[in-house]
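Chemist: What follows is the file coords-v4.tsv, containing TSV, C-alpha atoms:
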```
chain	number	residue	atom	x	y	z
U	275	MET	CA	148.05	133.36	32.39
U	276	THR	CA	146.58	132.65	35.70
U	277	ILE	CA	145.32	129.30	36.40
U	278	PRO	CA	141.78	129.63	37.48
U	279	ALA	CA	141.40	128.57	41.08
U	280	ALA	CA	139.97	125.18	41.40
U	281	PRO	CA	136.33	125.48	42.00
U	282	GLN	CA	135.26	124.71	45.51
U	283	THR	CA	134.42	121.11	45.39
U	284	PRO	CA	131.47	120.43	47.50
U	285	THR	CA	132.38	117.51	49.73
U	286	ALA	CA	129.91	114.75	50.16
U	287	HIS	CA	128.50	115.99	53.43
U	288	GLU	CA	127.72	119.38	52.03
U	289	VAL	CA	125.56	117.95	49.40
U	290	ALA	CA	122.02	117.59	50.49
U	291	SER	CA	120.75	114.17	49.70
U	292	PRO	CA	117.35	112.78	50.45
U	293	LEU	CA	118.85	110.14	52.70
U	294	ARG	CA	120.85	112.55	54.79
U	295	ARG	CA	117.86	114.83	54.90
U	296	LEU	CA	115.78	111.90	56.13
U	297	ALA	CA	118.35	111.10	58.80
U	298	ALA	CA	118.43	114.73	59.86
U	299	ALA	CA	114.66	114.89	60.04
U	300	ALA	CA	114.62	111.70	62.08
U	301	THR	CA	117.16	113.22	64.45
U	302	LEU	CA	115.00	116.30	64.78
U	303	VAL	CA	111.92	114.23	65.54
U	304	ALA	CA	113.85	112.22	68.13
U	305	LEU	CA	115.10	115.40	69.78
U	306	VAL	CA	111.62	116.90	69.84
U	307	ALA	CA	110.33	113.68	71.41
U	308	ALA	CA	113.11	113.87	73.99
U	309	VAL	CA	112.11	117.44	74.80
U	310	VAL	CA	108.47	116.44	75.23
U	311	ILE	CA	109.34	113.46	77.43
U	312	ALA	CA	111.83	115.42	79.53
U	313	LEU	CA	109.39	118.29	80.04
U	314	GLY	CA	106.66	115.83	80.93
U	315	LEU	CA	108.92	114.17	83.49
U	316	ALA	CA	110.03	117.51	84.86
U	317	ALA	CA	106.40	118.58	85.30
U	318	TRP	CA	105.48	115.32	87.02
U	319	PHE	CA	108.49	115.44	89.36
U	320	ARG	CA	107.77	119.04	90.26
U	321	GLY	CA	104.10	118.31	90.87
U	322	GLU	CA	104.87	115.35	93.09
U	323	ALA	CA	107.58	117.18	95.01
U	324	ASN	CA	105.22	120.10	95.61
U	325	ARG	CA	102.42	117.80	96.66
U	326	LEU	CA	104.63	116.00	99.16
U	327	SER	CA	106.29	119.03	100.66
U	328	GLY	CA	103.09	121.08	100.66
U	329	SER	CA	101.00	118.41	102.30
U	330	ALA	CA	99.61	118.85	105.78
U	331	ALA	CA	102.11	116.28	107.00
U	332	ALA	CA	104.96	118.53	105.94
U	333	SER	CA	104.00	121.41	108.22
U	334	ASN	CA	102.99	119.24	111.18
U	335	HIS	CA	106.11	117.90	112.88
U	336	ALA	CA	104.37	116.06	115.73
U	337	LEU	CA	106.21	112.74	116.17
U	338	ALA	CA	108.28	113.46	113.05
U	339	ASP	CA	110.55	115.65	115.18
U	340	ALA	CA	110.94	113.29	118.13
U	341	ALA	CA	113.00	115.62	120.31
U	342	ALA	CA	110.66	118.59	119.89
U	343	THR	CA	107.63	116.37	120.50
U	344	ALA	CA	109.14	115.02	123.72
U	345	GLN	CA	109.86	118.55	124.91
U	346	VAL	CA	106.27	119.63	124.26
U	347	CYS	CA	104.93	116.55	126.07
U	348	GLN	CA	107.06	117.08	129.16
U	349	GLN	CA	106.51	120.84	129.51
U	350	VAL	CA	102.79	120.82	128.72
U	351	ARG	CA	102.25	117.98	131.20
U	352	GLU	CA	103.89	120.00	133.98
U	353	ALA	CA	102.08	123.20	132.99
U	354	VAL	CA	98.64	121.55	132.96
U	355	GLN	CA	99.20	119.88	136.32
U	356	ARG	CA	100.29	123.20	137.76
U	357	VAL	CA	97.31	125.13	136.41
U	358	TYR	CA	94.70	122.58	137.49
U	359	SER	CA	96.02	121.89	141.01
U	360	TYR	CA	95.49	124.09	144.02
U	361	ASP	CA	95.60	124.03	147.81
U	362	PHE	CA	93.28	126.27	149.85
U	363	ALA	CA	96.16	127.11	152.18
U	364	ARG	CA	98.52	128.22	149.43
U	365	LEU	CA	96.34	129.94	146.87
U	366	ASP	CA	98.70	132.87	146.28
U	367	ASP	CA	101.57	130.50	145.50
U	368	ASN	CA	99.31	128.41	143.26
U	369	GLU	CA	98.10	131.39	141.26
U	370	ARG	CA	101.58	132.80	140.81
U	371	ALA	CA	103.08	129.44	139.82
U	372	ALA	CA	100.29	128.81	137.34
U	373	ALA	CA	100.64	132.28	135.79
U	374	GLU	CA	104.27	131.46	134.98
U	375	VAL	CA	103.23	128.72	132.58
U	376	ILE	CA	100.36	130.61	130.91
U	377	THR	CA	100.71	133.01	128.01
U	378	GLY	CA	98.47	135.38	126.09
U	379	PRO	CA	94.78	136.19	126.64
U	380	TYR	CA	94.25	132.87	128.36
U	381	GLY	CA	95.91	134.42	131.40
U	382	GLN	CA	92.87	136.63	131.89
U	383	ILE	CA	90.49	133.66	131.71
U	384	PHE	CA	92.63	131.77	134.21
U	385	HIS	CA	92.66	134.61	136.74
U	386	GLN	CA	88.87	134.94	136.42
U	387	GLN	CA	88.45	131.21	137.08
U	388	PHE	CA	90.91	131.36	139.95
U	389	ALA	CA	88.88	134.14	141.56
U	390	ARG	CA	86.06	131.61	141.94
U	391	VAL	CA	88.51	129.09	143.41
U	392	ARG	CA	89.53	131.72	145.98
U	393	GLN	CA	85.86	131.99	146.99
U	394	LEU	CA	85.01	128.28	147.15
U	395	ALA	CA	88.21	126.52	148.22
U	396	PRO	CA	88.89	127.97	151.72
U	397	PRO	CA	85.46	127.16	153.27
U	398	GLN	CA	85.68	123.61	151.89
U	399	GLN	CA	89.35	123.38	152.75
U	400	ALA	CA	89.73	122.00	149.25
U	401	VAL	CA	92.92	120.50	147.97
U	402	VAL	CA	92.83	119.51	144.31
U	403	VAL	CA	95.56	117.41	142.80
U	404	ALA	CA	95.66	117.23	139.01
U	405	THR	CA	97.44	114.37	137.25
U	406	VAL	CA	97.83	113.96	133.50
U	407	SER	CA	96.91	110.34	132.76
U	408	ALA	CA	97.44	110.60	129.00
U	409	LEU	CA	98.89	113.15	126.64
U	410	ALA	CA	99.62	113.25	122.91
U	411	VAL	CA	100.75	115.99	120.56
U	412	LYS	CA	98.34	116.40	117.68
U	413	VAL	CA	100.02	119.32	115.91
U	414	LEU	CA	103.53	120.73	116.23
U	415	ASP	CA	104.33	123.62	113.92
U	416	GLY	CA	107.21	125.89	114.86
U	417	ASP	CA	106.35	127.65	118.13
U	418	ARG	CA	102.79	126.39	118.26
U	419	ALA	CA	101.44	123.02	119.37
U	420	ILE	CA	98.05	121.41	119.94
U	421	VAL	CA	97.97	118.71	122.58
U	422	VAL	CA	95.25	116.26	123.61
U	423	VAL	CA	95.29	115.73	127.38
U	424	PHE	CA	93.40	113.34	129.66
U	425	LEU	CA	93.40	114.96	133.10
U	426	ASP	CA	92.43	113.34	136.40
U	427	GLN	CA	91.61	115.54	139.36
U	428	GLN	CA	91.30	114.41	142.96
U	429	ALA	CA	89.48	116.87	145.19
U	430	HIS	CA	89.97	116.45	148.93
U	431	GLN	CA	87.55	118.31	151.16
U	432	ALA	CA	87.30	118.77	154.87
U	433	GLY	CA	84.97	116.18	156.36
U	434	GLN	CA	85.11	113.94	153.28
U	435	ALA	CA	86.98	110.68	153.73
U	436	THR	CA	87.11	109.83	150.06
U	437	PRO	CA	88.16	112.40	147.49
U	438	LEU	CA	86.00	113.41	144.57
U	439	LEU	CA	87.38	112.17	141.30
U	440	SER	CA	86.88	113.71	137.92
U	441	ALA	CA	88.07	112.49	134.55
U	442	GLY	CA	88.66	115.38	132.21
U	443	ARG	CA	89.56	115.76	128.53
U	444	LEU	CA	91.38	118.89	127.44
U	445	ALA	CA	92.47	120.28	124.08
U	446	VAL	CA	95.47	122.43	124.98
U	447	THR	CA	97.03	124.99	122.68
U	448	ALA	CA	100.63	125.60	123.66
U	449	GLN	CA	102.94	128.38	122.57
U	450	ARG	CA	106.73	128.37	122.89
U	451	VAL	CA	107.72	131.60	124.60
U	452	GLY	CA	111.35	132.30	125.29
U	453	GLY	CA	112.31	128.66	124.86
U	454	SER	CA	109.65	127.09	127.07
U	455	TRP	CA	106.18	125.87	126.18
U	456	LYS	CA	103.29	127.66	127.86
U	457	ILE	CA	99.52	127.21	127.80
U	458	ALA	CA	97.83	129.62	125.40
U	459	ASP	CA	94.42	127.96	125.62
U	460	ALA	CA	92.76	124.95	127.24
U	461	GLU	CA	89.33	123.77	126.11
U	462	PRO	CA	87.51	120.88	127.74
U	463	PHE	CA	85.89	118.46	125.30
Z	144	MET	CA	135.86	114.73	34.46
Z	145	GLY	CA	134.17	117.97	34.49
Z	146	ARG	CA	133.10	120.36	36.95
Z	147	TRP	CA	131.41	118.65	39.82
Z	148	GLY	CA	128.32	120.57	39.34
Z	149	GLU	CA	127.94	119.23	35.87
Z	150	ASP	CA	128.26	115.70	37.05
Z	151	ARG	CA	124.84	114.90	38.15
Z	152	LEU	CA	125.85	111.81	39.99
Z	153	ALA	CA	126.88	111.74	43.63
Z	154	VAL	CA	127.57	108.85	45.82
Z	155	GLY	CA	125.42	108.75	48.87
Z	156	LEU	CA	126.42	107.47	52.29
Z	157	VAL	CA	125.28	103.97	51.70
Z	158	GLY	CA	126.99	103.62	48.39
Z	159	HIS	CA	123.93	104.07	46.33
Z	160	VAL	CA	124.16	106.10	43.31
Z	161	VAL	CA	121.58	108.72	43.78
Z	162	PRO	CA	120.73	111.58	41.61
Z	163	SER	CA	122.50	114.63	42.75
Z	164	ILE	CA	120.54	117.70	43.33
Z	165	ALA	CA	123.62	119.84	43.63
Z	166	THR	CA	123.24	123.09	41.94
Z	167	THR	CA	125.64	124.23	39.36
Z	168	ALA	CA	126.93	127.29	41.07
Z	169	THR	CA	127.53	128.10	44.68
Z	170	SER	CA	128.30	131.50	46.01
Z	171	PRO	CA	129.77	132.08	49.43
Z	172	GLY	CA	127.19	132.99	52.04
Z	173	ARG	CA	124.35	131.21	50.39
Z	174	ALA	CA	122.66	128.87	52.84
Z	175	LEU	CA	123.27	125.26	52.16
Z	176	PRO	CA	120.29	123.09	51.41
Z	177	GLY	CA	119.33	121.37	54.65
Z	178	GLY	CA	120.68	124.40	56.52
Z	179	PRO	CA	117.36	125.27	58.10
Z	180	LEU	CA	117.07	121.65	59.16
Z	181	ARG	CA	120.50	121.70	60.74
Z	182	THR	CA	119.73	124.94	62.57
Z	183	ALA	CA	116.51	123.42	63.84
Z	184	ILE	CA	118.40	120.39	65.09
Z	185	ARG	CA	120.87	122.60	66.92
Z	186	VAL	CA	118.12	124.66	68.54
Z	187	VAL	CA	116.10	121.64	69.58
Z	188	ALA	CA	119.22	119.93	70.86
Z	189	VAL	CA	119.86	122.88	73.18
Z	190	VAL	CA	116.23	122.86	74.31
Z	191	ALA	CA	116.46	119.09	74.88
Z	192	LEU	CA	119.53	119.61	77.03
Z	193	LEU	CA	117.72	122.23	79.10
Z	194	ALA	CA	114.64	120.01	79.38
Z	195	VAL	CA	116.71	117.05	80.55
Z	196	ALA	CA	118.46	119.30	83.05
Z	197	ALA	CA	115.09	120.47	84.35
Z	198	ALA	CA	113.87	116.90	84.62
Z	199	GLY	CA	117.02	116.02	86.52
Z	200	TRP	CA	116.67	118.98	88.87
Z	201	PHE	CA	113.03	118.29	89.71
Z	202	GLY	CA	113.76	114.58	89.83
Z	203	VAL	CA	116.25	115.20	92.61
Z	204	SER	CA	113.81	117.34	94.57
Z	205	TRP	CA	111.10	114.72	94.16
Z	206	TYR	CA	113.44	111.98	95.32
Z	207	ARG	CA	114.42	114.04	98.35
Z	208	ALA	CA	110.78	114.71	99.25
Z	209	ALA	CA	109.73	111.09	98.74
Z	210	HIS	CA	112.53	109.82	100.98
Z	211	ASP	CA	112.35	112.50	103.65
Z	212	GLN	CA	112.06	110.45	106.80
Z	213	SER	CA	110.14	113.07	108.77
Z	214	LEU	CA	107.62	113.33	105.92
Z	215	VAL	CA	107.25	109.54	105.98
Z	216	VAL	CA	106.56	109.60	109.73
Z	217	GLY	CA	104.16	112.53	109.37
Z	218	MET	CA	102.12	110.82	106.68
Z	219	ALA	CA	102.02	107.57	108.67
Z	220	ARG	CA	100.92	109.53	111.73
Z	221	ASP	CA	98.04	111.09	109.80
Z	222	ALA	CA	97.01	107.68	108.41
Z	223	VAL	CA	97.09	106.17	111.92
Z	224	LEU	CA	94.94	108.98	113.29
Z	225	ARG	CA	92.41	108.69	110.50
Z	226	ASP	CA	92.07	104.91	110.85
Z	227	ALA	CA	91.96	105.08	114.66
Z	228	GLN	CA	89.11	107.59	114.64
Z	229	ARG	CA	87.16	105.59	112.09
Z	230	ALA	CA	87.69	102.36	114.06
Z	231	THR	CA	86.59	104.08	117.28
Z	232	LEU	CA	83.29	105.05	115.68
Z	233	THR	CA	82.79	101.53	114.37
Z	234	LEU	CA	83.62	99.82	117.62
Z	235	ASP	CA	81.31	102.11	119.62
Z	236	THR	CA	78.40	101.68	117.22
Z	237	LEU	CA	75.97	98.84	117.54
Z	238	ASP	CA	72.36	98.04	116.71
Z	239	TYR	CA	70.66	94.98	118.16
Z	240	ARG	CA	68.53	94.70	115.00
Z	241	GLN	CA	71.63	94.27	112.83
Z	242	VAL	CA	73.91	92.36	115.12
Z	243	GLN	CA	75.73	90.20	112.61
Z	244	ASP	CA	76.51	93.10	110.26
Z	245	GLY	CA	77.73	95.14	113.21
Z	246	LEU	CA	79.98	92.40	114.52
Z	247	THR	CA	81.41	91.89	111.04
Z	248	LEU	CA	82.24	95.59	110.87
Z	249	TRP	CA	83.88	95.34	114.28
Z	250	GLU	CA	86.06	92.45	113.08
Z	251	GLN	CA	87.07	94.41	109.98
Z	252	SER	CA	88.43	97.19	112.18
Z	253	ALA	CA	90.34	94.82	114.44
Z	254	ALA	CA	93.60	92.91	114.30
Z	255	GLY	CA	95.79	90.89	116.63
Z	256	SER	CA	94.40	90.08	120.05
Z	257	LEU	CA	91.25	92.20	119.69
Z	258	LEU	CA	90.32	90.38	116.48
Z	259	ALA	CA	90.95	87.01	118.10
Z	260	GLN	CA	88.75	88.00	121.03
Z	261	LEU	CA	85.94	89.25	118.78
Z	262	ARG	CA	86.00	86.07	116.76
Z	263	ALA	CA	86.13	83.80	119.78
Z	264	SER	CA	83.28	85.60	121.55
Z	265	ARG	CA	81.19	86.46	118.51
Z	266	ASN	CA	78.20	84.32	119.45
Z	267	THR	CA	78.29	85.49	123.05
Z	268	TYR	CA	78.33	89.13	121.97
Z	269	ALA	CA	75.57	88.54	119.42
Z	270	ARG	CA	73.32	87.00	122.03
Z	271	ALA	CA	74.06	89.68	124.63
Z	272	ILE	CA	73.43	92.56	122.21
Z	273	THR	CA	70.22	91.05	120.90
Z	274	ASP	CA	68.93	90.36	124.40
Z	275	SER	CA	69.79	93.85	125.60
Z	276	THR	CA	67.98	95.50	122.65
Z	277	ALA	CA	70.78	98.02	122.78
Z	278	THR	CA	71.73	100.60	120.19
Z	279	SER	CA	74.63	102.97	120.46
Z	280	SER	CA	76.15	105.68	118.32
Z	281	ALA	CA	79.40	107.53	118.78
Z	282	ARG	CA	81.10	110.81	118.01
Z	283	VAL	CA	84.85	111.34	118.25
Z	284	LEU	CA	85.57	114.67	119.98
Z	285	ASP	CA	89.33	114.70	119.66
Z	286	ALA	CA	92.25	112.34	119.21
Z	287	ALA	CA	96.02	112.33	118.81
Z	288	VAL	CA	98.77	109.81	118.13
Z	289	ALA	CA	100.98	109.36	121.18
Z	290	SER	CA	103.66	107.15	119.64
Z	291	LEU	CA	104.43	105.59	116.28
Z	292	ASP	CA	106.96	102.98	115.22
Z	293	GLU	CA	106.90	103.24	111.45
Z	294	ARG	CA	109.15	100.28	110.84
Z	295	SER	CA	107.36	97.74	113.02
Z	296	GLY	CA	103.96	99.21	112.12
Z	297	THR	CA	102.68	99.86	115.65
Z	298	ALA	CA	101.20	102.98	117.18
Z	299	GLN	CA	99.37	104.26	120.23
Z	300	VAL	CA	96.46	106.70	119.96
Z	301	PHE	CA	94.39	108.51	122.60
Z	302	VAL	CA	90.77	109.19	121.66
Z	303	GLY	CA	88.01	111.12	123.39
Z	304	VAL	CA	84.65	109.74	122.26
Z	305	ASP	CA	81.06	110.38	123.33
Z	306	VAL	CA	78.76	107.37	123.12
Z	307	THR	CA	74.97	107.67	123.19
Z	308	ALA	CA	73.46	104.38	124.30
Z	309	GLN	CA	69.86	103.35	124.69
Z	310	SER	CA	67.67	100.29	124.65
Z	311	GLU	CA	64.01	99.35	124.53
Z	312	LYS	CA	63.95	99.45	128.32
Z	313	ASP	CA	66.25	102.38	129.07
Z	314	ASP	CA	66.31	106.04	128.16
Z	315	PRO	CA	69.33	107.34	126.30
Z	316	SER	CA	72.45	108.10	128.28
Z	317	CYS	CA	75.73	109.69	127.30
Z	318	THR	CA	79.10	108.30	128.25
Z	319	HIS	CA	82.15	110.51	127.83
Z	320	ARG	CA	84.93	108.04	127.21
Z	321	ARG	CA	88.68	108.32	127.20
Z	322	ILE	CA	90.34	105.42	125.43
Z	323	ARG	CA	93.78	104.26	124.36
Z	324	LEU	CA	94.04	102.34	121.10
Z	325	GLU	CA	96.94	100.07	120.23
Z	326	MET	CA	97.10	100.17	116.44
Z	327	ILE	CA	98.96	97.82	114.13
Z	328	ARG	CA	99.47	98.15	110.40
Z	329	ILE	CA	97.83	95.46	108.29
Z	330	GLY	CA	98.71	96.04	104.64
Z	331	ASP	CA	97.86	99.66	103.88
Z	332	ALA	CA	95.45	100.13	106.77
Z	333	TRP	CA	95.89	100.49	110.52
Z	334	LYS	CA	93.67	98.36	112.72
Z	335	VAL	CA	92.96	98.12	116.43
Z	336	ALA	CA	94.80	95.42	118.34
Z	337	ALA	CA	93.60	96.64	121.73
Z	338	LEU	CA	91.12	99.20	123.03
Z	339	VAL	CA	91.58	100.17	126.69
Z	340	PRO	CA	89.79	102.81	128.76
Z	341	VAL	CA	91.96	105.41	130.45
Z	342	GLY	CA	90.57	105.73	133.95
Z	343	ASP	CA	86.86	106.08	134.48
Z	344	ALA	CA	84.33	107.30	131.99
Z	345	TYR	CA	81.77	109.93	132.91
Z	346	SER	CA	78.13	109.12	132.20
Z	347	GLU	CA	75.11	111.36	132.37
Z	348	PRO	CA	71.49	110.98	131.36
Z	349	GLY	CA	70.26	112.09	127.97
Z	350	PRO	CA	71.82	111.71	124.55
Z	351	CYS	CA	75.30	113.12	124.02
Z	352	PRO	CA	75.46	116.74	122.88
Z	353	ALA	CA	75.50	117.04	119.12
Z	354	ALA	CA	78.46	118.44	117.26
Z	355	PRO	CA	78.48	122.25	117.18
Z	356	SER	CA	77.12	123.37	113.81
Z	357	PRO	CA	79.69	124.97	111.53
Z	358	ASN	CA	79.19	128.73	111.29
```
As a first step, turn the structure in this file into structure tokens.
Modeler:
Amino acid sequence: MTIPAAPQTPTAHEVASPLRRLAAAATLVALVAAVVIALGLAAWFRGEANRLSGSAAASNHALADAAATAQVCQQVREAVQRVYSYDFARLDDNERAAAEVITGPYGQIFHQQFARVRQLAPPQQAVVVATVSALAVKVLDGDRAIVVVFLDQQAHQAGQATPLLSAGRLAVTAQRVGGSWKIADAEPF
Amino acid sequence: MGRWGEDRLAVGLVGHVVPSIATTATSPGRALPGGPLRTAIRVVAVVALLAVAAAGWFGVSWYRAAHDQSLVVGMARDAVLRDAQRATLTLDTLDYRQVQDGLTLWEQSAAGSLLAQLRASRNTYARAITDSTATSSARVLDAAVASLDERSGTAQVFVGVDVTAQSEKDDPSCTHRRIRLEMIRIGDAWKVAALVPVGDAYSEPGPCPAAPSPN
């Protein structure tokens, strides 16, 4: 006679009871709430991070990258002073030196303007000295920069004891070409 | 003693005697009551883990962005530029028919030594403006921040501004100005502590050219 196997005794935790079911439901609700809160937080964090890193400030490194800003300031200052200075006795040198710090279509505009200088400067024996009196980088984004320049020019002419002075304002667009910053555009304002 | 299933009493967790709803027979493979609930808990627990991980991941990227020093400087730079341009317009605008309001606006844009000077000379300025019957309006052409010390809250800005001035006696004239502003941070705003011309300004008759119309 075989002894019938003892029936599987359901242990207490296998028996569904209203209380355990309540506890389980409460756990489920808490977990769902956690999911909702966590997803809400994740969405907010992502939105804020995107807003910050996508803002205009993020792509404009003027002043934020101090070393790059200083390099732009120094090279654009020298380039502007070179382009806006000339000496009637050394016009070939002036034009060549200026062309070295100009890039792009602006080169054509410069040579056109310099053609007029070649006409007017020799009879007046004009010597123009350009000095940057103020300069600040407005935008610095990779290889492109926009710089606000205050430019003073002193024009000495034959027969004039005192030079003519002019106070100029320039919006300069600079492009980094082969490691050095060159003038891609210069607009008076 | 009898088979468990026939005993309709079961002791619950808290020691209560609760009616058992155990069924009389179980067969292997049959889902336990509360099984769907337990499966749901497991699934939601996994989702919760993923959601918390996502929150953590994006939390880190937010923290990094919010504490990125170059971003902080960039945003301060933009705030300085905005406030400097607005202050330039205010300080180059005046109307002899509304002197007191104008001077109050000037003082609201100023801080430090400029504010002290405006306050000290307020009556003198009011009298001079009223007597001159002068009005002026301004347009900022371009501006850029030259230097910024985020920690001490100081900055230097160069601004090119055109000012149209006229009075009852005189025709309008346009002055093309180049100015340097020393800005200091007061609370959330940047105000002008000093306003200094850079070299000479260039004046010519007639009102200043208007802004080019957007195409």
Chemist: So which one's closest to Val186 (chain Z), U:Leu365, U:Pro292, U:Ala445, U:Leu302? Using all atoms listed in the file, please.
Modeler: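 Looking only at the distances to Val186 (chain Z), the closest residue turns out to be U:Leu302.
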Chemist: Tell me, counting all atoms listed in the file, for each residue of chain Z within 6 Å of chain U, which pair of atoms is nearest and how far apart they are in Å to one decimal, in rows ordered by chain and increasing number, as a tab-separated table.
Modeler:
```
residue	atom	partner	partner_atom	distance
Z:Pro176	CA	U:Ala290	CA	5.8
Z:Ile184	CA	U:Leu302	CA	5.3
Z:Ala191	CA	U:Val309	CA	4.7
Z:Ala194	CA	U:Ala312	CA	5.4
Z:Val195	CA	U:Ala312	CA	5.2
Z:Ala197	CA	U:Ala316	CA	5.9
Z:Ala198	CA	U:Ala316	CA	3.9
Z:Phe201	CA	U:Arg320	CA	5.3
Z:Gly202	CA	U:Phe319	CA	5.4
Z:Trp205	CA	U:Ala323	CA	4.4
Z:Ala208	CA	U:Ala323	CA	5.9
Z:Ser213	CA	U:Ala338	CA	4.7
Z:Leu214	CA	U:Ala332	CA	5.8
Z:Val216	CA	U:Ala338	CA	5.4
Z:Gly217	CA	U:Ala331	CA	4.9
Z:Met218	CA	U:Ala331	CA	5.5
Z:Ala287	CA	U:Lys412	CA	4.8
Z:Val288	CA	U:Ala410	CA	6.0
Z:Ala289	CA	U:Ala410	CA	4.5
```
Chemist: Selection from above, C-alpha atoms, as an mmCIF file, in the frame of the given file, can you write it?
Modeler:
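Result saved to again_34.cif:
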```cif
data_model
loop_
_atom_site.group_PDB
_atom_site.id
_atom_site.type_symbol
_atom_site.label_atom_id
_atom_site.label_comp_id
_atom_site.auth_asym_id
_atom_site.auth_seq_id
_atom_site.Cartn_x
_atom_site.Cartn_y
_atom_site.Cartn_z
ATOM 1 C CA PRO Z 176 120.290 123.090 51.410
ATOM 2 C CA ILE Z 184 118.400 120.390 65.090
ATOM 3 C CA ALA Z 191 116.460 119.090 74.880
ATOM 4 C CA ALA Z 194 114.640 120.010 79.380
ATOM 5 C CA VAL Z 195 116.710 117.050 80.550
ATOM 6 C CA ALA Z 197 115.090 120.470 84.350
ATOM 7 C CA ALA Z 198 113.870 116.900 84.620
ATOM 8 C CA PHE Z 201 113.030 118.290 89.710
ATOM 9 C CA GLY Z 202 113.760 114.580 89.830
ATOM 10 C CA TRP Z 205 111.100 114.720 94.160
ATOM 11 C CA ALA Z 208 110.780 114.710 99.250
ATOM 12 C CA SER Z 213 110.140 113.070 108.770
ATOM 13 C CA LEU Z 214 107.620 113.330 105.920
ATOM 14 C CA VAL Z 216 106.560 109.600 109.730
ATOM 15 C CA GLY Z 217 104.160 112.530 109.370
ATOM 16 C CA MET Z 218 102.120 110.820 106.680
ATOM 17 C CA ALA Z 287 96.020 112.330 118.810
ATOM 18 C CA VAL Z 288 98.770 109.810 118.130
ATOM 19 C CA ALA Z 289 100.980 109.360 121.180
#
```
Chemist: Please provide as a count of residues only all residues within 9 Å of Val304 (chain Z), with the sequence filter that same-chain residues fewer than 4 positions apart are discarded (counting all atoms listed in the file).
Modeler: 14
Chemist: Find the distance between CA of Gln355 (chain U) and CA of Val406 (chain U) and write it in Å to one decimal.
Modeler: 6.7 Å
Chemist: So how many Å separate CA of Ala372 (chain U) and CA of Tyr358 (chain U), to one decimal?
Modeler: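 One can read the CA of Ala372 (chain U) to CA of Tyr358 (chain U) distance as 8.4 Å.
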Chemist: So which residues are close to (92.2, 101.6, 130.6), meaning at most 7 Å away in the file's coordinates with all atoms listed in the file counted, and can you show them as a JSON list (two decimals) with C-alpha atoms, in the frame of the given file?
Modeler:
```
[["chain", "number", "residue", "atom", "x", "y", "z"],
["Z", 322, "ILE", "CA", 90.34, 105.42, 125.43],
["Z", 323, "ARG", "CA", 93.78, 104.26, 124.36],
["Z", 339, "VAL", "CA", 91.58, 100.17, 126.69],
["Z", 340, "PRO", "CA", 89.79, 102.81, 128.76],
["Z", 341, "VAL", "CA", 91.96, 105.41, 130.45],
["Z", 342, "GLY", "CA", 90.57, 105.73, 133.95]]
```
Chemist: Tell me which protein, DNA and RNA residues are within 8 Å of Arg392 (chain U), counting only C-alpha atoms, leaving out same-chain ones fewer than 3 positions away, and put them as a list in words.
Modeler: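 Surrounding residues, per the criterion: Phe362, Leu365, Phe388, Ala389, Ala395 and Pro396 of chain U.
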Chemist: Could you tell me how far CA of Leu338 (chain Z) sits from CA of Leu257 (chain Z), in Å to one decimal place?
Modeler: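 If I compute the distance from CA of Leu257 (chain Z) to CA of Leu338 (chain Z), I get 7.8 Å.
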Chemist: Tell me which protein, DNA and RNA residues are within 12 Å of Gln349 (chain U), counting only C-alpha atoms, leaving out same-chain ones fewer than 3 positions away, and put them as a ChimeraX atom specification.
Modeler: /U:342-346,352-356,375-376,406,409,411,419,421,448-451,453-457
